[in-house]
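Engineer: Right, I'll just put the structure down here and ask away after.
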Amino acid sequence: MTWLEQLAVFGAGIAAGGINTIVGSGTLITFPVLLAFGIPPVTANVSNTIGLVPGGISGAHGYRRELAGQRARLLRLGTASLLGGTTGAILLLTLPASAFKAIVPVLIIAALILVVVQPRLANWVKQRRAADTGPAPEHGGLILFLAIFACGIYGGYFGAAQGVLLIGLLGVFVHEDIQRLNGVKNVLGLLVNAVSAVIFTLIADVDWRVVALIAVGSVIGGQLGAKMGRRMPPTALRAVIVVVGSIAVVRLLMT
């Protein structure tokens, strides 16, 4: 990559770190950039996942106040995320690269739809929680555990908009303040990326220059997202994600 391309990857890392902390669709920024610079899809996905781990740590640390008192919930749901992330990462490395190129455009389109409908999903979650006065399992019960496990499989395999899925699931099954749930979402997404990163580091073909650029950028973005994310116009943010994600779909279909 040229210096200009490396600067673009670094900037994409900043954007992805911030977006992941706020809502969770950062891969739809970094992945298309890597494809545009000629990095093979599986290598791009693997390198991106490893690079976003420091940003996930940064974002989770930024939400540390909201995480206070949620240790038991994090241990329970974090186990599901670790198991799911491990499964997804293994699937990525065992299935042929042609399968990844065929599956990922569908996953990206599904992720873009989730990003677009996220406001309606959030509103529905809010209304459901307000109307449900009955007792609920403190940590969401078995159904949420299995759903987080399935989400972890998706995250370990590709993971774009994993955060949207997580916050929607948590909002439906756990009666808790939405900002505290967002903190949980950040930790669960981090766990999926981290366990996948360990597996990828040991087995996969990694572009460590890409990892370094995204890692440094995502750390900066994670802090910015934690501090200023609530002030960003959500409509503009979603528009950027949809445009960049659409470019990724076209790029994958043309290669």
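Every chain in the structure tokens has a letter given in the order shown (A, B, ...), and although residue numbers restart at 1 in each chain, ligands are simply numbered from 1 in the order shown.
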Could you give me, as a PDB file with N, CA and C atoms, in the first residue's frame, the residues within 6 Å of segment 13-27 of chain A, counting only C-alpha atoms and dropping anything in the same chain fewer than 5 positions from it?
Structural biologist:
```pdb
ATOM      1  N   GLY A  55      -9.453  -1.345  19.682  1.00  0.00           N
ATOM      2  CA  GLY A  55     -10.542  -0.367  19.701  1.00  0.00           C
ATOM      3  C   GLY A  55     -11.689  -0.828  20.568  1.00  0.00           C
ATOM      4  N   GLY A  59     -13.221   1.161  23.672  1.00  0.00           N
ATOM      5  CA  GLY A  59     -14.633   1.497  23.815  1.00  0.00           C
ATOM      6  C   GLY A  59     -15.237   0.949  25.089  1.00  0.00           C
ATOM      7  N   ALA A 160     -20.130  -7.750  10.752  1.00  0.00           N
ATOM      8  CA  ALA A 160     -20.646  -6.400  10.510  1.00  0.00           C
ATOM      9  C   ALA A 160     -22.033  -6.269  11.123  1.00  0.00           C
ATOM     10  N   ALA A 161     -22.258  -5.174  11.860  1.00  0.00           N
ATOM     11  CA  ALA A 161     -23.533  -4.884  12.547  1.00  0.00           C
ATOM     12  C   ALA A 161     -23.834  -5.883  13.659  1.00  0.00           C
ATOM     13  N   GLY A 163     -23.028  -5.438  16.635  1.00  0.00           N
ATOM     14  CA  GLY A 163     -23.467  -4.613  17.754  1.00  0.00           C
ATOM     15  C   GLY A 163     -24.945  -4.278  17.699  1.00  0.00           C
ATOM     16  N   VAL A 164     -25.481  -4.074  16.479  1.00  0.00           N
ATOM     17  CA  VAL A 164     -26.909  -3.791  16.331  1.00  0.00           C
ATOM     18  C   VAL A 164     -27.727  -4.991  16.801  1.00  0.00           C
ATOM     19  N   ILE A 214      -5.214  -0.283  11.665  1.00  0.00           N
ATOM     20  CA  ILE A 214      -6.576  -0.306  12.201  1.00  0.00           C
ATOM     21  C   ILE A 214      -6.555  -0.287  13.719  1.00  0.00           C
ATOM     22  N   GLY A 217      -5.839   3.283  14.939  1.00  0.00           N
ATOM     23  CA  GLY A 217      -6.990   4.112  14.609  1.00  0.00           C
ATOM     24  C   GLY A 217      -8.205   3.771  15.451  1.00  0.00           C
ATOM     25  N   SER A 218      -8.463   2.476  15.660  1.00  0.00           N
ATOM     26  CA  SER A 218      -9.658   2.080  16.398  1.00  0.00           C
ATOM     27  C   SER A 218      -9.588   2.444  17.877  1.00  0.00           C
ATOM     28  N   ILE A 220      -8.202   5.215  19.024  1.00  0.00           N
ATOM     29  CA  ILE A 220      -8.605   6.629  19.023  1.00  0.00           C
ATOM     30  C   ILE A 220     -10.114   6.729  18.825  1.00  0.00           C
ATOM     31  N   GLY A 221     -10.625   5.983  17.854  1.00  0.00           N
ATOM     32  CA  GLY A 221     -12.051   6.030  17.578  1.00  0.00           C
ATOM     33  C   GLY A 221     -12.895   5.540  18.732  1.00  0.00           C
ATOM     34  N   GLY A 222     -12.415   4.510  19.446  1.00  0.00           N
ATOM     35  CA  GLY A 222     -13.163   4.001  20.589  1.00  0.00           C
ATOM     36  C   GLY A 222     -13.347   5.042  21.671  1.00  0.00           C
ATOM     37  N   LEU A 224     -13.195   8.370  21.187  1.00  0.00           N
ATOM     38  CA  LEU A 224     -14.060   9.415  20.644  1.00  0.00           C
ATOM     39  C   LEU A 224     -15.520   8.980  20.665  1.00  0.00           C
ATOM     40  N   GLY A 225     -15.760   7.712  20.321  1.00  0.00           N
ATOM     41  CA  GLY A 225     -17.125   7.208  20.315  1.00  0.00           C
ATOM     42  C   GLY A 225     -17.738   7.202  21.696  1.00  0.00           C
ATOM     43  N   GLY A 229     -20.090  10.145  20.990  1.00  0.00           N
ATOM     44  CA  GLY A 229     -20.997   9.439  20.096  1.00  0.00           C
ATOM     45  C   GLY A 229     -22.447   9.857  20.219  1.00  0.00           C
TER      46      GLY A 229
END
```
Engineer: What lies within 7 Å of segment 153-156 of chain A using only C-alpha atoms, ignoring chain neighbours under 5 positions off, as a PDB file with all heavy atoms, in the first residue's frame?
Structural biologist:
```pdb
ATOM      1  N   GLY A  84     -19.508 -18.760  20.825  1.00  0.00           N
ATOM      2  CA  GLY A  84     -19.970 -18.435  19.481  1.00  0.00           C
ATOM      3  C   GLY A  84     -18.862 -17.888  18.609  1.00  0.00           C
ATOM      4  O   GLY A  84     -18.731 -18.268  17.436  1.00  0.00           O
ATOM      5  N   GLY A  85     -18.047 -16.986  19.163  1.00  0.00           N
ATOM      6  CA  GLY A  85     -16.947 -16.411  18.398  1.00  0.00           C
ATOM      7  C   GLY A  85     -15.949 -17.470  17.965  1.00  0.00           C
ATOM      8  O   GLY A  85     -15.443 -17.443  16.833  1.00  0.00           O
ATOM      9  N   THR A  86     -15.660 -18.424  18.838  1.00  0.00           N
ATOM     10  CA  THR A  86     -14.753 -19.518  18.496  1.00  0.00           C
ATOM     11  C   THR A  86     -15.313 -20.340  17.342  1.00  0.00           C
ATOM     12  O   THR A  86     -14.604 -20.674  16.380  1.00  0.00           O
ATOM     13  CB  THR A  86     -14.534 -20.431  19.716  1.00  0.00           C
ATOM     14  OG1 THR A  86     -13.970 -19.663  20.786  1.00  0.00           O
ATOM     15  CG2 THR A  86     -13.619 -21.583  19.383  1.00  0.00           C
ATOM     16  N   THR A  87     -16.600 -20.652  17.408  1.00  0.00           N
ATOM     17  CA  THR A  87     -17.247 -21.427  16.351  1.00  0.00           C
ATOM     18  C   THR A  87     -17.202 -20.687  15.020  1.00  0.00           C
ATOM     19  O   THR A  87     -16.874 -21.258  13.977  1.00  0.00           O
ATOM     20  CB  THR A  87     -18.711 -21.728  16.730  1.00  0.00           C
ATOM     21  OG1 THR A  87     -18.751 -22.398  17.993  1.00  0.00           O
ATOM     22  CG2 THR A  87     -19.377 -22.601  15.672  1.00  0.00           C
ATOM     23  N   GLY A  88     -17.523 -19.394  15.042  1.00  0.00           N
ATOM     24  CA  GLY A  88     -17.526 -18.612  13.813  1.00  0.00           C
ATOM     25  C   GLY A  88     -16.152 -18.489  13.189  1.00  0.00           C
ATOM     26  O   GLY A  88     -16.000 -18.585  11.959  1.00  0.00           O
ATOM     27  N   ALA A  89     -15.130 -18.288  14.023  1.00  0.00           N
ATOM     28  CA  ALA A  89     -13.768 -18.166  13.509  1.00  0.00           C
ATOM     29  C   ALA A  89     -13.303 -19.469  12.865  1.00  0.00           C
ATOM     30  O   ALA A  89     -12.656 -19.470  11.810  1.00  0.00           O
ATOM     31  CB  ALA A  89     -12.819 -17.769  14.637  1.00  0.00           C
ATOM     32  N   GLN A 162     -22.807  -6.579  14.134  1.00  0.00           N
ATOM     33  CA  GLN A 162     -23.002  -7.457  15.285  1.00  0.00           C
ATOM     34  C   GLN A 162     -23.526  -6.669  16.480  1.00  0.00           C
ATOM     35  O   GLN A 162     -24.385  -7.147  17.227  1.00  0.00           O
ATOM     36  CB  GLN A 162     -21.673  -8.133  15.658  1.00  0.00           C
ATOM     37  CG  GLN A 162     -21.779  -9.036  16.865  1.00  0.00           C
ATOM     38  CD  GLN A 162     -20.446  -9.569  17.351  1.00  0.00           C
ATOM     39  OE1 GLN A 162     -20.376 -10.435  18.205  1.00  0.00           O
ATOM     40  NE2 GLN A 162     -19.350  -9.034  16.814  1.00  0.00           N
ATOM     41  N   VAL A 192     -15.955 -11.536  21.302  1.00  0.00           N
ATOM     42  CA  VAL A 192     -16.039 -12.268  20.039  1.00  0.00           C
ATOM     43  C   VAL A 192     -14.821 -11.950  19.171  1.00  0.00           C
ATOM     44  O   VAL A 192     -14.168 -12.856  18.618  1.00  0.00           O
ATOM     45  CB  VAL A 192     -17.336 -11.927  19.293  1.00  0.00           C
ATOM     46  CG1 VAL A 192     -17.316 -12.500  17.874  1.00  0.00           C
ATOM     47  CG2 VAL A 192     -18.544 -12.461  20.051  1.00  0.00           C
ATOM     48  N   ASN A 193     -14.507 -10.680  19.030  1.00  0.00           N
ATOM     49  CA  ASN A 193     -13.343 -10.284  18.227  1.00  0.00           C
ATOM     50  C   ASN A 193     -12.041 -10.810  18.819  1.00  0.00           C
ATOM     51  O   ASN A 193     -11.133 -11.231  18.092  1.00  0.00           O
ATOM     52  CB  ASN A 193     -13.279  -8.765  18.104  1.00  0.00           C
ATOM     53  CG  ASN A 193     -14.187  -8.228  17.020  1.00  0.00           C
ATOM     54  OD1 ASN A 193     -14.816  -8.991  16.281  1.00  0.00           O
ATOM     55  ND2 ASN A 193     -14.278  -6.919  16.913  1.00  0.00           N
ATOM     56  N   SER A 196     -11.654 -14.617  18.322  1.00  0.00           N
ATOM     57  CA  SER A 196     -11.405 -14.833  16.893  1.00  0.00           C
ATOM     58  C   SER A 196      -9.989 -14.404  16.537  1.00  0.00           C
ATOM     59  O   SER A 196      -9.296 -15.082  15.758  1.00  0.00           O
ATOM     60  CB  SER A 196     -12.414 -14.041  16.058  1.00  0.00           C
ATOM     61  OG  SER A 196     -13.742 -14.430  16.349  1.00  0.00           O
TER      62      SER A 196
END
```
Engineer: Restricting the calculation to only C-alpha atoms: of A:Ser81, A:Trp3, A:Leu169, A:Ala111, which residue gets closest to Phe37 of chain A?
Structural biologist: A:Trp3
Engineer: From a DSSP calculation on the backbone, collect every residue of segment 6-247 of chain A in alpha helix (DSSP H) and output the set as an NGL selection string.
Structural biologist: :A and (6-22 or 27-36 or 41-62 or 64-67 or 71-94 or 97-131 or 141-157 or 162-173 or 178-203 or 208-228 or 234-247)
Engineer: Which neighbours of Leu77 of chain A fall inside 9 Å, counting only C-alpha atoms, when residues of the same chain fewer than 2 positions from it are skipped, and could you give them as a PyMOL selection string?
Structural biologist: chain A and resi 72-75+79-82+139+144-145+148-149+184+188
Engineer: Give me, as a list in words, all polymer residues having an atom no more than 6 Å from Ala215 of chain A, counting only C-alpha atoms and skipping those fewer than 3 positions away in the same chain.
Structural biologist: Gly51, Leu52, Pro54, Val211, Ala212 and Ser218 of chain A
Engineer: Between atom CA of Pro119 of chain A and atom CA of Pro105 of chain A, what is the spacing in Å?
Structural biologist: 23.1 Å
Engineer: Just how far from atom CA of Ile90 of chain A is atom CA of Ile108 of chain A, in Å to one decimal?
Structural biologist: 19.7 Å
Engineer: In terms of the shortest atom-to-atom distance over only C-alpha atoms, which of A:Leu190, A:Leu107, A:Leu202, A:Ile29 is closest to His61 of chain A?
Structural biologist: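 Distance minimum relative to His61 of chain A lands on A:Leu190.
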Engineer: Could you please determine the separation between atom CA of Glu5 of chain A and atom CA of Ile57 of chain A in Å, to one decimal place?
Structural biologist: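 So the answer is 25.4 Å.
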Engineer: Give me the residues within 9 Å of Val242 of chain A as number ranges by chain, counting only C-alpha atoms and dropping any in the same chain fewer than 6 places off.
Structural biologist: A: 28, 112-113, 115-116
